[in-house]
Structure formats: structure tokens, C-alpha cells
file input_39.txt (compact mmCIF, C-alpha atoms)
# COMPACT_ATOMS: atom_id res chain seq x y z
CA MET D 1 -37.53 -57.99 -52.58
CA ASN D 2 -40.35 -59.49 -50.55
CA THR D 3 -41.96 -57.74 -47.63
CA LYS D 4 -39.81 -59.56 -45.10
CA GLN D 5 -36.61 -58.67 -46.97
CA TRP D 6 -37.82 -55.09 -47.42
CA MET D 7 -38.54 -54.77 -43.70
CA LYS D 8 -35.09 -56.13 -42.84
CA THR D 9 -33.38 -53.71 -45.23
CA GLY D 10 -35.56 -50.86 -44.00
CA MET D 11 -34.72 -51.58 -40.38
CA LEU D 12 -31.03 -51.73 -41.24
CA ALA D 13 -31.18 -48.40 -43.08
CA LEU D 14 -33.06 -46.88 -40.18
CA LEU D 15 -30.42 -48.07 -37.72
CA ILE D 16 -27.53 -46.82 -39.85
CA GLY D 17 -29.38 -43.55 -40.37
CA SER D 18 -29.96 -43.04 -36.65
CA TRP D 19 -26.25 -43.67 -35.95
CA SER D 20 -25.20 -41.05 -38.42
CA LEU D 21 -27.78 -38.48 -37.29
CA PRO D 22 -26.32 -35.65 -35.20
CA SER D 23 -27.06 -36.21 -31.52
CA PRO D 24 -29.55 -33.76 -30.02
CA ALA D 25 -27.88 -30.45 -29.13
CA LEU D 26 -26.94 -30.14 -25.48
CA ALA D 27 -28.74 -27.18 -24.02
CA ALA D 28 -28.11 -25.38 -20.78
CA VAL D 29 -30.65 -25.80 -18.01
CA GLU D 30 -32.72 -22.66 -17.58
CA LYS D 31 -34.84 -21.97 -14.49
CA THR D 32 -37.29 -19.18 -13.77
CA GLU D 33 -37.75 -17.89 -10.24
CA THR D 34 -38.80 -14.88 -8.19
CA LEU D 35 -36.88 -13.06 -5.46
CA ALA D 36 -39.15 -11.68 -2.77
CA GLY D 37 -38.61 -8.26 -1.26
CA ASN D 38 -39.12 -8.99 2.40
CA CYS D 39 -35.59 -9.90 3.52
CA SER D 40 -33.37 -7.53 5.46
CA GLY D 41 -30.43 -6.82 3.15
CA GLY D 42 -32.17 -8.42 0.17
CA CYS D 43 -33.32 -11.96 -0.48
CA VAL D 44 -31.00 -14.69 -1.74
CA ASP D 45 -31.91 -17.82 -3.67
CA THR D 46 -29.47 -20.72 -3.53
CA TRP D 47 -29.21 -23.39 -6.23
CA GLN D 48 -27.27 -26.62 -6.05
CA VAL D 49 -25.81 -27.49 -9.46
CA GLU D 50 -24.42 -30.96 -10.12
CA CYS D 51 -22.42 -31.73 -13.26
CA LYS D 52 -22.14 -35.51 -13.24
CA ASP D 53 -20.20 -35.92 -16.49
CA THR D 54 -16.69 -37.19 -15.76
CA LYS D 55 -15.33 -34.79 -18.40
CA THR D 56 -16.55 -31.70 -16.50
CA HIS D 57 -13.93 -29.00 -16.09
CA ASP D 58 -16.14 -26.04 -15.21
CA ILE D 59 -19.64 -25.03 -14.22
CA LYS D 60 -21.13 -21.85 -15.61
CA ALA D 61 -24.13 -19.84 -14.39
CA ARG D 62 -25.60 -16.60 -15.69
CA VAL D 63 -28.66 -14.57 -14.83
CA ILE D 64 -31.11 -12.24 -16.55
CA ASN D 65 -33.92 -9.99 -15.39
CA ASN D 66 -37.13 -11.72 -16.39
CA GLY D 67 -39.16 -8.58 -16.80
CA GLY D 68 -40.17 -7.56 -13.30
CA GLY D 69 -38.71 -4.02 -13.26
CA VAL D 70 -35.53 -2.05 -13.74
CA VAL D 71 -33.24 -4.05 -11.48
CA GLY D 72 -29.94 -5.83 -11.86
CA PHE D 73 -29.26 -9.33 -10.57
CA GLU D 74 -26.09 -10.84 -9.27
CA VAL D 75 -25.11 -14.48 -9.73
CA THR D 76 -22.29 -16.12 -7.75
CA THR D 77 -20.88 -19.60 -8.25
CA ILE D 78 -19.18 -21.02 -5.18
CA GLY D 79 -17.43 -24.33 -4.64
CA TYR D 80 -18.39 -26.14 -1.44
CA ILE D 81 -17.21 -29.75 -1.85
CA GLY D 82 -14.51 -31.56 -3.77
CA GLY D 83 -11.19 -30.49 -2.29
CA ASP D 84 -9.29 -27.41 -1.19
CA THR D 85 -9.01 -25.85 -4.63
CA LEU D 86 -12.77 -25.89 -5.09
CA VAL D 87 -14.08 -25.09 -1.60
CA GLY D 88 -14.39 -21.33 -1.24
CA GLN D 89 -13.70 -20.60 -4.90
CA ALA D 90 -16.24 -17.93 -5.90
CA ASP D 91 -17.02 -15.85 -8.97
CA ALA D 92 -19.67 -13.14 -9.23
CA GLU D 93 -21.30 -11.46 -12.22
CA ARG D 94 -24.07 -8.90 -12.60
CA SER D 95 -26.81 -8.57 -15.17
CA LEU D 96 -27.76 -5.29 -16.80
CA LEU D 97 -30.77 -3.38 -15.50
CA ASN D 98 -32.96 -4.71 -18.28
CA PHE D 99 -34.29 -7.99 -19.52
CA VAL D 100 -32.46 -8.04 -22.83
CA SER D 101 -29.19 -9.78 -22.14
CA TYR D 102 -27.78 -12.33 -19.76
CA SER D 103 -24.98 -11.43 -17.37
CA PRO D 104 -21.55 -12.74 -18.28
CA GLY D 105 -21.02 -16.27 -17.01
CA ALA D 106 -19.85 -16.86 -13.45
CA PHE D 107 -17.60 -19.93 -13.36
CA LEU D 108 -16.33 -22.58 -11.02
CA PHE D 109 -13.21 -24.28 -12.43
CA GLN D 110 -11.52 -27.55 -11.57
CA PRO D 111 -7.81 -26.83 -10.97
CA GLY D 112 -5.40 -26.98 -13.94
CA THR D 113 -6.54 -29.51 -16.52
CA LYS D 114 -8.42 -31.62 -14.01
CA LYS D 115 -11.86 -32.94 -14.81
CA GLY D 116 -14.52 -34.93 -13.01
CA PRO D 117 -18.04 -34.63 -11.64
CA THR D 118 -18.29 -31.16 -10.09
CA ASN D 119 -20.82 -29.46 -7.83
CA ALA D 120 -21.43 -25.79 -7.06
CA LEU D 121 -23.72 -23.63 -5.04
CA VAL D 122 -25.10 -20.74 -7.07
CA LEU D 123 -26.44 -17.67 -5.27
CA VAL D 124 -28.84 -15.29 -6.99
CA ASN D 125 -29.68 -11.91 -5.48
CA LEU D 126 -30.26 -8.32 -6.49
CA SER D 127 -27.17 -6.20 -7.20
CA TRP D 128 -28.41 -3.54 -4.83
CA PHE D 129 -31.03 -3.67 -2.13
CA ASP D 130 -34.48 -3.07 -3.55
CA SER D 131 -37.95 -4.13 -2.62
CA GLY D 132 -39.25 -6.98 -4.74
CA PRO D 133 -40.63 -9.24 -5.85
CA PHE D 134 -38.53 -9.48 -9.02
CA ASP D 135 -38.43 -12.30 -11.55
CA TYR D 136 -35.23 -13.74 -12.95
CA LYS D 137 -34.02 -16.51 -15.20
CA VAL D 138 -30.82 -18.37 -14.40
CA GLU D 139 -28.99 -20.68 -16.76
CA PHE D 140 -26.62 -23.47 -15.73
CA SER D 141 -24.25 -25.49 -17.91
CA CYS D 142 -21.35 -27.95 -17.61
CA HIS D 143 -18.25 -27.64 -19.80
CA ASP D 144 -15.19 -29.68 -20.71
CA LEU D 145 -11.61 -28.46 -20.82
CA ASN D 146 -12.15 -26.87 -24.26
CA GLY D 147 -15.29 -25.05 -23.21
CA GLY D 148 -17.52 -27.53 -25.03
CA GLU D 149 -20.89 -28.06 -23.45
CA LEU D 150 -21.49 -31.40 -21.74
CA LYS D 151 -24.56 -33.17 -20.44
CA ASN D 152 -27.02 -30.94 -18.66
CA PRO D 153 -26.54 -30.43 -14.95
CA THR D 154 -29.04 -31.23 -12.24
CA ALA D 155 -30.21 -27.99 -10.64
CA THR D 156 -32.03 -27.97 -7.29
CA LEU D 157 -33.36 -24.89 -5.54
CA LEU D 158 -32.08 -25.24 -1.96
CA GLN D 159 -33.22 -21.87 -0.65
CA ASN D 160 -36.18 -20.05 -2.20
CA LYS D 161 -36.67 -16.53 -0.86
CA MET V 1 5.01 -7.83 59.20
CA ASN V 2 8.43 -8.37 57.75
CA THR V 3 9.18 -8.06 54.05
CA LYS V 4 8.94 -11.83 53.43
CA LYS V 5 5.55 -12.12 55.19
CA TRP V 6 4.32 -9.00 53.43
CA LEU V 7 5.32 -10.44 50.05
CA LYS V 8 3.56 -13.75 50.84
CA ALA V 9 0.40 -11.98 51.94
CA SER V 10 0.49 -9.76 48.87
CA MET V 11 0.87 -12.75 46.57
CA VAL V 12 -2.09 -14.50 48.20
CA ALA V 13 -4.17 -11.34 47.92
CA LEU V 14 -3.17 -10.98 44.30
CA LEU V 15 -4.12 -14.56 43.51
CA LEU V 16 -7.46 -14.28 45.30
CA GLY V 17 -8.07 -11.01 43.54
CA SER V 18 -7.38 -12.44 40.13
CA TRP V 19 -9.75 -15.36 40.80
CA SER V 20 -12.54 -13.01 41.68
CA LEU V 21 -11.94 -10.75 38.66
CA PRO V 22 -14.54 -11.08 35.91
CA THR V 23 -13.31 -13.31 33.09
CA VAL V 24 -12.24 -11.61 29.89
CA ALA V 25 -15.32 -10.95 27.78
CA THR V 26 -15.63 -13.13 24.68
CA ALA V 27 -14.89 -10.87 21.75
CA ASN V 28 -15.75 -11.05 18.09
CA VAL V 29 -13.02 -11.83 15.62
CA VAL V 30 -12.38 -8.81 13.40
CA LYS V 31 -10.35 -8.96 10.19
CA ALA V 32 -9.26 -6.17 7.85
CA GLU V 33 -8.86 -6.89 4.15
CA ASP V 34 -8.86 -5.31 0.70
CA LEU V 35 -10.74 -6.25 -2.43
CA ASP V 36 -9.18 -5.85 -5.84
CA VAL V 37 -11.23 -3.94 -8.40
CA SER V 38 -10.06 -5.81 -11.49
CA CYS V 39 -12.59 -8.67 -11.58
CA SER V 40 -15.48 -8.74 -14.00
CA GLY V 41 -18.62 -8.56 -11.87
CA GLY V 42 -16.64 -7.57 -8.78
CA CYS V 43 -13.92 -9.33 -6.81
CA VAL V 44 -14.98 -11.70 -4.07
CA ASP V 45 -13.28 -12.64 -0.83
CA VAL V 46 -14.43 -15.86 0.83
CA TRP V 47 -13.84 -16.66 4.50
CA GLN V 48 -14.29 -19.97 6.26
CA VAL V 49 -15.67 -19.54 9.76
CA ASP V 50 -15.57 -22.46 12.19
CA CYS V 51 -17.48 -22.13 15.43
CA LYS V 52 -16.23 -25.01 17.54
CA ASP V 53 -18.27 -24.19 20.64
CA LYS V 54 -20.95 -26.86 21.15
CA ALA V 55 -23.42 -24.16 22.20
CA THR V 56 -23.37 -22.59 18.72
CA THR V 57 -26.72 -22.09 17.01
CA PHE V 58 -25.85 -19.09 14.81
CA VAL V 59 -22.73 -18.12 12.85
CA ALA V 60 -22.87 -14.35 12.25
CA ALA V 61 -20.86 -11.85 10.22
CA LYS V 62 -21.08 -8.13 9.56
CA VAL V 63 -19.06 -5.78 7.38
CA LYS V 64 -18.14 -2.12 7.27
CA ASP V 65 -16.18 0.41 5.28
CA PRO V 66 -13.51 1.57 7.76
CA THR V 67 -13.13 4.91 5.98
CA VAL V 68 -15.96 7.26 5.12
CA GLY V 69 -15.50 6.48 1.48
CA ASN V 70 -17.94 6.14 -1.34
CA ASP V 71 -18.27 2.39 -1.24
CA ALA V 72 -20.53 -0.13 0.43
CA PHE V 73 -19.99 -3.83 0.99
CA VAL V 74 -22.21 -6.88 0.96
CA VAL V 75 -21.65 -9.68 3.44
CA THR V 76 -23.24 -13.07 2.77
CA THR V 77 -23.15 -16.04 5.13
CA ILE V 78 -23.50 -19.42 3.43
CA GLY V 79 -24.08 -22.81 5.01
CA TYR V 80 -22.15 -25.50 3.15
CA LYS V 81 -21.74 -28.49 5.43
CA GLY V 82 -23.49 -30.17 8.31
CA PRO V 83 -27.18 -31.00 8.40
CA THR V 84 -29.23 -30.63 5.19
CA GLU V 85 -30.98 -27.57 6.62
CA LEU V 86 -27.66 -25.71 6.68
CA ILE V 87 -26.45 -26.50 3.16
CA GLY V 88 -27.39 -23.68 0.84
CA GLN V 89 -28.75 -21.49 3.61
CA ALA V 90 -27.69 -17.92 2.78
CA ASP V 91 -28.26 -14.48 4.27
CA GLN V 92 -26.89 -11.12 3.17
CA GLU V 93 -26.61 -7.58 4.52
CA PHE V 94 -25.27 -4.32 3.09
CA SER V 95 -23.00 -1.94 4.99
CA PRO V 96 -24.52 1.54 5.19
CA PHE V 97 -23.30 3.90 2.47
CA GLU V 98 -20.91 6.75 3.40
CA THR V 99 -20.56 5.80 7.05
CA THR V 100 -18.15 3.68 9.03
CA ASN V 101 -20.98 1.80 10.71
CA TYR V 102 -21.26 -1.95 10.52
CA SER V 103 -23.98 -3.64 8.51
CA LEU V 104 -26.58 -5.67 10.30
CA ALA V 105 -25.43 -9.21 11.00
CA ALA V 106 -25.90 -11.80 8.29
CA TRP V 107 -26.19 -15.27 9.78
CA ILE V 108 -26.86 -18.92 9.27
CA LYS V 109 -28.88 -20.76 11.89
CA ARG V 110 -28.95 -24.40 12.87
CA PRO V 111 -32.41 -26.01 12.63
CA GLY V 112 -34.81 -25.53 15.54
CA ASN V 113 -33.05 -25.00 18.83
CA THR V 114 -30.18 -27.39 18.08
CA HIS V 115 -26.64 -26.38 18.92
CA ALA V 116 -23.28 -27.85 17.97
CA ALA V 117 -20.01 -26.95 16.28
CA THR V 118 -20.99 -25.13 13.07
CA SER V 119 -19.15 -23.82 10.01
CA ALA V 120 -20.03 -21.26 7.37
CA MET V 121 -18.50 -19.57 4.39
CA VAL V 122 -18.71 -15.79 4.30
CA LYS V 123 -18.59 -13.90 1.00
CA ILE V 124 -17.59 -10.24 0.82
CA LEU V 125 -18.23 -8.12 -2.27
CA SER V 126 -17.95 -4.43 -2.99
CA VAL V 127 -21.09 -2.77 -4.31
CA PHE V 128 -19.48 0.04 -6.32
CA ASN V 129 -15.85 -1.12 -6.70
CA ALA V 130 -14.76 2.30 -5.48
CA LEU V 131 -11.21 2.91 -4.24
CA PRO V 132 -9.95 2.08 -1.71
CA PRO V 133 -12.02 -1.11 -1.37
CA SER V 134 -10.86 -1.86 2.17
CA TYR V 135 -13.26 -3.46 4.57
CA ASN V 136 -13.51 -4.76 8.11
CA VAL V 137 -15.46 -7.93 8.76
CA GLU V 138 -16.51 -9.18 12.17
CA PHE V 139 -17.33 -12.84 12.85
CA SER V 140 -19.04 -14.31 15.89
CA CYS V 141 -20.56 -17.53 17.18
CA ARG V 142 -23.86 -17.23 19.00
CA ASP V 143 -26.07 -19.48 21.07
CA PHE V 144 -29.82 -19.96 20.72
CA SER V 145 -30.55 -16.61 22.43
CA PHE V 146 -27.97 -14.90 20.14
CA ALA V 147 -25.56 -14.47 23.06
CA GLU V 148 -21.93 -14.73 22.07
CA VAL V 149 -20.07 -17.98 22.71
CA GLY V 150 -16.45 -18.97 22.02
CA ASN V 151 -14.64 -17.16 19.24
CA PRO V 152 -14.55 -18.71 15.79
CA THR V 153 -11.50 -19.78 13.83
CA VAL V 154 -11.37 -17.74 10.65
CA THR V 155 -9.52 -18.58 7.41
CA LEU V 156 -9.41 -16.55 4.21
CA LEU V 157 -10.11 -19.13 1.48
CA GLN V 158 -10.20 -16.76 -1.49
CA ASP V 159 -8.41 -13.41 -1.48
CA GLN V 160 -9.24 -11.31 -4.53
call {"tool": "encode", "arguments": {"input": "input_39.txt", "output": "C-alpha cells"}}
result
Amino acid sequence: MNTKQWMKTGMLALLIGSWSLPSPALAAVEKTETLAGNCSGGCVDTWQVECKDTKTHDIKARVINNGGGVVGFEVTTIGYIGGDTLVGQADAERSLLNFVSYSPGAFLFQPGTKKGPTNALVLVNLSWFDSGPFDYKVEFSCHDLNGGELKNPTATLLQNK
Amino acid sequence: MNTKKWLKASMVALLLGSWSLPTVATANVVKAEDLDVSCSGGCVDVWQVDCKDKATTFVAAKVKDPTVGNDAFVVTTIGYKGPTELIGQADQEFSPFETTNYSLAAWIKRPGNTHAATSAMVKILSVFNALPPSYNVEFSCRDFSFAEVGNPTVTLLQDQ
């Protein structure tokens, strides 16, 4: 096998190899932020989460204390566009008063077995009024009808308090 | 004055009187609802509030526990349509614990001193999930100086 032949074979093997390699694992999008303590009634951060995959059936968000003190956080997913069954649909979850475990996931579901690009607003605030600032991490992910994770969402911080 | 003339005069007086009466004061819209206690993380009610008055700058909401129970409620106003400055705007207030007093008003505000028909979603959540989780919520539309304008239309989008 001459060099040219070897290169051709090598390239072919490389291509076949790359096809058979497992695709990179899809990870949730994680963001770190701080809630200030100067709002009457407690500060609220608002995230816009966009799952653009056409197979999206639900959006999930969960929150964890990022080490700023003994406080619990609340995360709420809320539908705001995309039809009557999505607009006003809300789910809330609370994290523990530590920075060990995430809250359960708060979800926004497409109705029935429907799927398509889906958007949500996600609110993050303290579970009970307390003076901050307190750090949190929030994780967003897009899922198909079987709960399998899809392409990462786009997450934009619309209100930072 | 005969009876007929007296009746005529009385009617005229009544009409004039009603014209000069002060108009009925614009009132807030108050709704009473319950929250279930069976949801992980707390059940959530969501209201859609439409302020159709063109003078609207703020959409406001406050909440209270109508019985001196051992619960408190959180009211959150959320901007979700209209100009970019409104989408994602959120404000929350807690009702005072063990009283029947209203919370402070949570509100969304149009940018600058602009005014127009404005909509918001309002989220209600119980803090402690104590029974009975009944609440009263009061909605209002306000102009730039926070004076009340025409009443909003209110729809319960999610009832948990």
C-alpha cells in the first residue's frame, strides 16, 4: 500500500469510525446567578427558555442553592406563547435549604402527545422572603415524549434582580 | 300643582339630580379562590388580567388570606406580551402572616410614561400549604400616577 493508498484507506476508516462513534451526550444548560435582597416581597429573576427542537414535548427547569446561605429557592415554569393549552400553564418546585441537591423539576408540557418548538418563562425567587444576596444555579432542558433529552435550549435572562 | 304636573316636575328633578350625582367610583376586581394542597412544590393558580383602558401604565394585584389562618400567599405579576420591556417583567409580594390584611401590590409597569391597553399574568401560590388555602386576590389597572382607571377583565387560566 503506497502512501496515497494508505491515506485514502485511513481517511475512509476515520470517516466510518466517526459515524459509529456515540454522539456527544446532550447536557442540560446550567446558569449561575444571584438574587439581590433589595426588592419588596423578594426579588425575582426571569429566564426565557427556548427549545427549538421539533421533537420537544416538555421543558424542565430545576434550581439549587449555590452556597450563599441557608435559604430555599423556588423555580416556576410558565407558558406564555403557543396556544391556549400552554399560556398560563405553570408548575412550581422548591429546593431544599442547602446546596446539596437540586429541586425536583418544574415542567411545561405540550398537550397530549403533541410536540414542537416550545418556549417558557422560568421564574426564580426565594421560597420565603429573606434579605439577600443569595446565589443559585438553575438548569434547563428540553425533552421528547419519552422523557429523552433533546438539543440544549437557549436560555436568556430577561429580568435580573 | 296637580298630580300630573307634580309628577313631571319630580321626574325632571330626579333626572337633574342623577346627572349631578358623582359617578360610581371605579372599583378593583376582587376574586375568591382556593388552592389545592396536593401539588409537589405547591399548587399554582394563574390569572390573566387585561386592562383595556388606554390610560393604563400599571397592572397591579394583591392577595390576602380571608381567614386568620396559618397560611400566607405570594402574588406575582408577570408581563408576557406587548413591548419587549414588559415580557418577563415580574414582581412579587407576600400577604402578611396570620392577618386578613392584603399584601402590598405587585405590579408590572409599561416603559417610561407610556400608557395603553396592557395585559399580565398573575400567579398565586401558598407559602405553607396550610388548610384551608383560600385566598382573595384584587386586580386593578392604574395610570402613570398610580390612580385607578377602568376595571380589568380577569380570567382564571389555571385553577389548581
call {"tool": "closest_atom_pairs", "arguments": {"input": "input_39.txt", "of": "chain V", "to": "chain D", "cutoff": "9 Å", "atoms": "only C-alpha atoms", "output": "JSON lines"}}
result
{"residue": "V:Cys39", "atom": "CA", "partner": "D:Ala92", "partner_atom": "CA", "distance": 8.7}
{"residue": "V:Ser40", "atom": "CA", "partner": "D:Glu93", "partner_atom": "CA", "distance": 6.7}
{"residue": "V:Gly41", "atom": "CA", "partner": "D:Glu93", "partner_atom": "CA", "distance": 4.0}
{"residue": "V:Gly42", "atom": "CA", "partner": "D:Ala92", "partner_atom": "CA", "distance": 6.4}
{"residue": "V:Cys43", "atom": "CA", "partner": "D:Ala92", "partner_atom": "CA", "distance": 7.3}
{"residue": "V:Val44", "atom": "CA", "partner": "D:Ala90", "partner_atom": "CA", "distance": 6.6}
{"residue": "V:Asp45", "atom": "CA", "partner": "D:Ala90", "partner_atom": "CA", "distance": 7.9}
{"residue": "V:Val46", "atom": "CA", "partner": "D:Gly88", "partner_atom": "CA", "distance": 5.8}
{"residue": "V:Trp47", "atom": "CA", "partner": "D:Gly88", "partner_atom": "CA", "distance": 7.4}
{"residue": "V:Gln48", "atom": "CA", "partner": "D:Gly88", "partner_atom": "CA", "distance": 7.6}
{"residue": "V:Val74", "atom": "CA", "partner": "D:Gly41", "partner_atom": "CA", "distance": 8.5}
{"residue": "V:Tyr80", "atom": "CA", "partner": "D:Tyr80", "partner_atom": "CA", "distance": 6.0}
{"residue": "V:Lys81", "atom": "CA", "partner": "D:Tyr80", "partner_atom": "CA", "distance": 8.0}
{"residue": "V:Glu85", "atom": "CA", "partner": "D:Leu158", "partner_atom": "CA", "distance": 9.0}
{"residue": "V:Ile87", "atom": "CA", "partner": "D:Leu158", "partner_atom": "CA", "distance": 7.7}
{"residue": "V:Gly88", "atom": "CA", "partner": "D:Thr46", "partner_atom": "CA", "distance": 5.7}
{"residue": "V:Gln89", "atom": "CA", "partner": "D:Gln159", "partner_atom": "CA", "distance": 6.2}
{"residue": "V:Ala90", "atom": "CA", "partner": "D:Val44", "partner_atom": "CA", "distance": 6.5}
{"residue": "V:Asp91", "atom": "CA", "partner": "D:Val44", "partner_atom": "CA", "distance": 6.6}
{"residue": "V:Gln92", "atom": "CA", "partner": "D:Gly41", "partner_atom": "CA", "distance": 5.6}
{"residue": "V:Glu93", "atom": "CA", "partner": "D:Gly41", "partner_atom": "CA", "distance": 4.1}
{"residue": "V:Phe94", "atom": "CA", "partner": "D:Gly41", "partner_atom": "CA", "distance": 5.7}
{"residue": "V:Ser103", "atom": "CA", "partner": "D:Gly41", "partner_atom": "CA", "distance": 9.0}
{"residue": "V:Leu104", "atom": "CA", "partner": "D:Gly41", "partner_atom": "CA", "distance": 8.2}
{"residue": "V:Ala106", "atom": "CA", "partner": "D:Gly41", "partner_atom": "CA", "distance": 8.5}
{"residue": "V:Met121", "atom": "CA", "partner": "D:Gly88", "partner_atom": "CA", "distance": 7.2}
{"residue": "V:Val122", "atom": "CA", "partner": "D:Gly88", "partner_atom": "CA", "distance": 8.9}
{"residue": "V:Lys123", "atom": "CA", "partner": "D:Ala90", "partner_atom": "CA", "distance": 8.3}
{"residue": "V:Leu125", "atom": "CA", "partner": "D:Ala92", "partner_atom": "CA", "distance": 8.7}
{"residue": "V:Val127", "atom": "CA", "partner": "D:Trp128", "partner_atom": "CA", "distance": 7.4}
{"residue": "V:Leu156", "atom": "CA", "partner": "D:Gly88", "partner_atom": "CA", "distance": 8.8}
{"residue": "V:Leu157", "atom": "CA", "partner": "D:Gly88", "partner_atom": "CA", "distance": 5.5}
{"residue": "V:Gln158", "atom": "CA", "partner": "D:Gly88", "partner_atom": "CA", "distance": 6.2}
call {"tool": "closest_residue", "arguments": {"input": "input_39.txt", "among": "V:Ile124, V:Gly150, V:Ala116, V:Arg142", "to": "Ala32 (chain V)", "atoms": "only C-alpha atoms"}}
result
V:Ile124
call {"tool": "residues_around", "arguments": {"input": "input_39.txt", "residues": "Lys31 (chain V)", "least_positions_apart": "6", "cutoff": "8 Å", "atoms": "all atoms listed in the file", "output": "ChimeraX atom specification"}}
result
/V:136-138
call {"tool": "atom_distance", "arguments": {"input": "input_39.txt", "atom1": "CA of Lys114 (chain D)", "atom2": "CA of Phe140 (chain D)"}}
result
20.0 Å
call {"tool": "atom_distance", "arguments": {"input": "input_39.txt", "atom1": "CA of Asn151 (chain V)", "atom2": "CA of Lys54 (chain V)"}}
result
11.7 Å
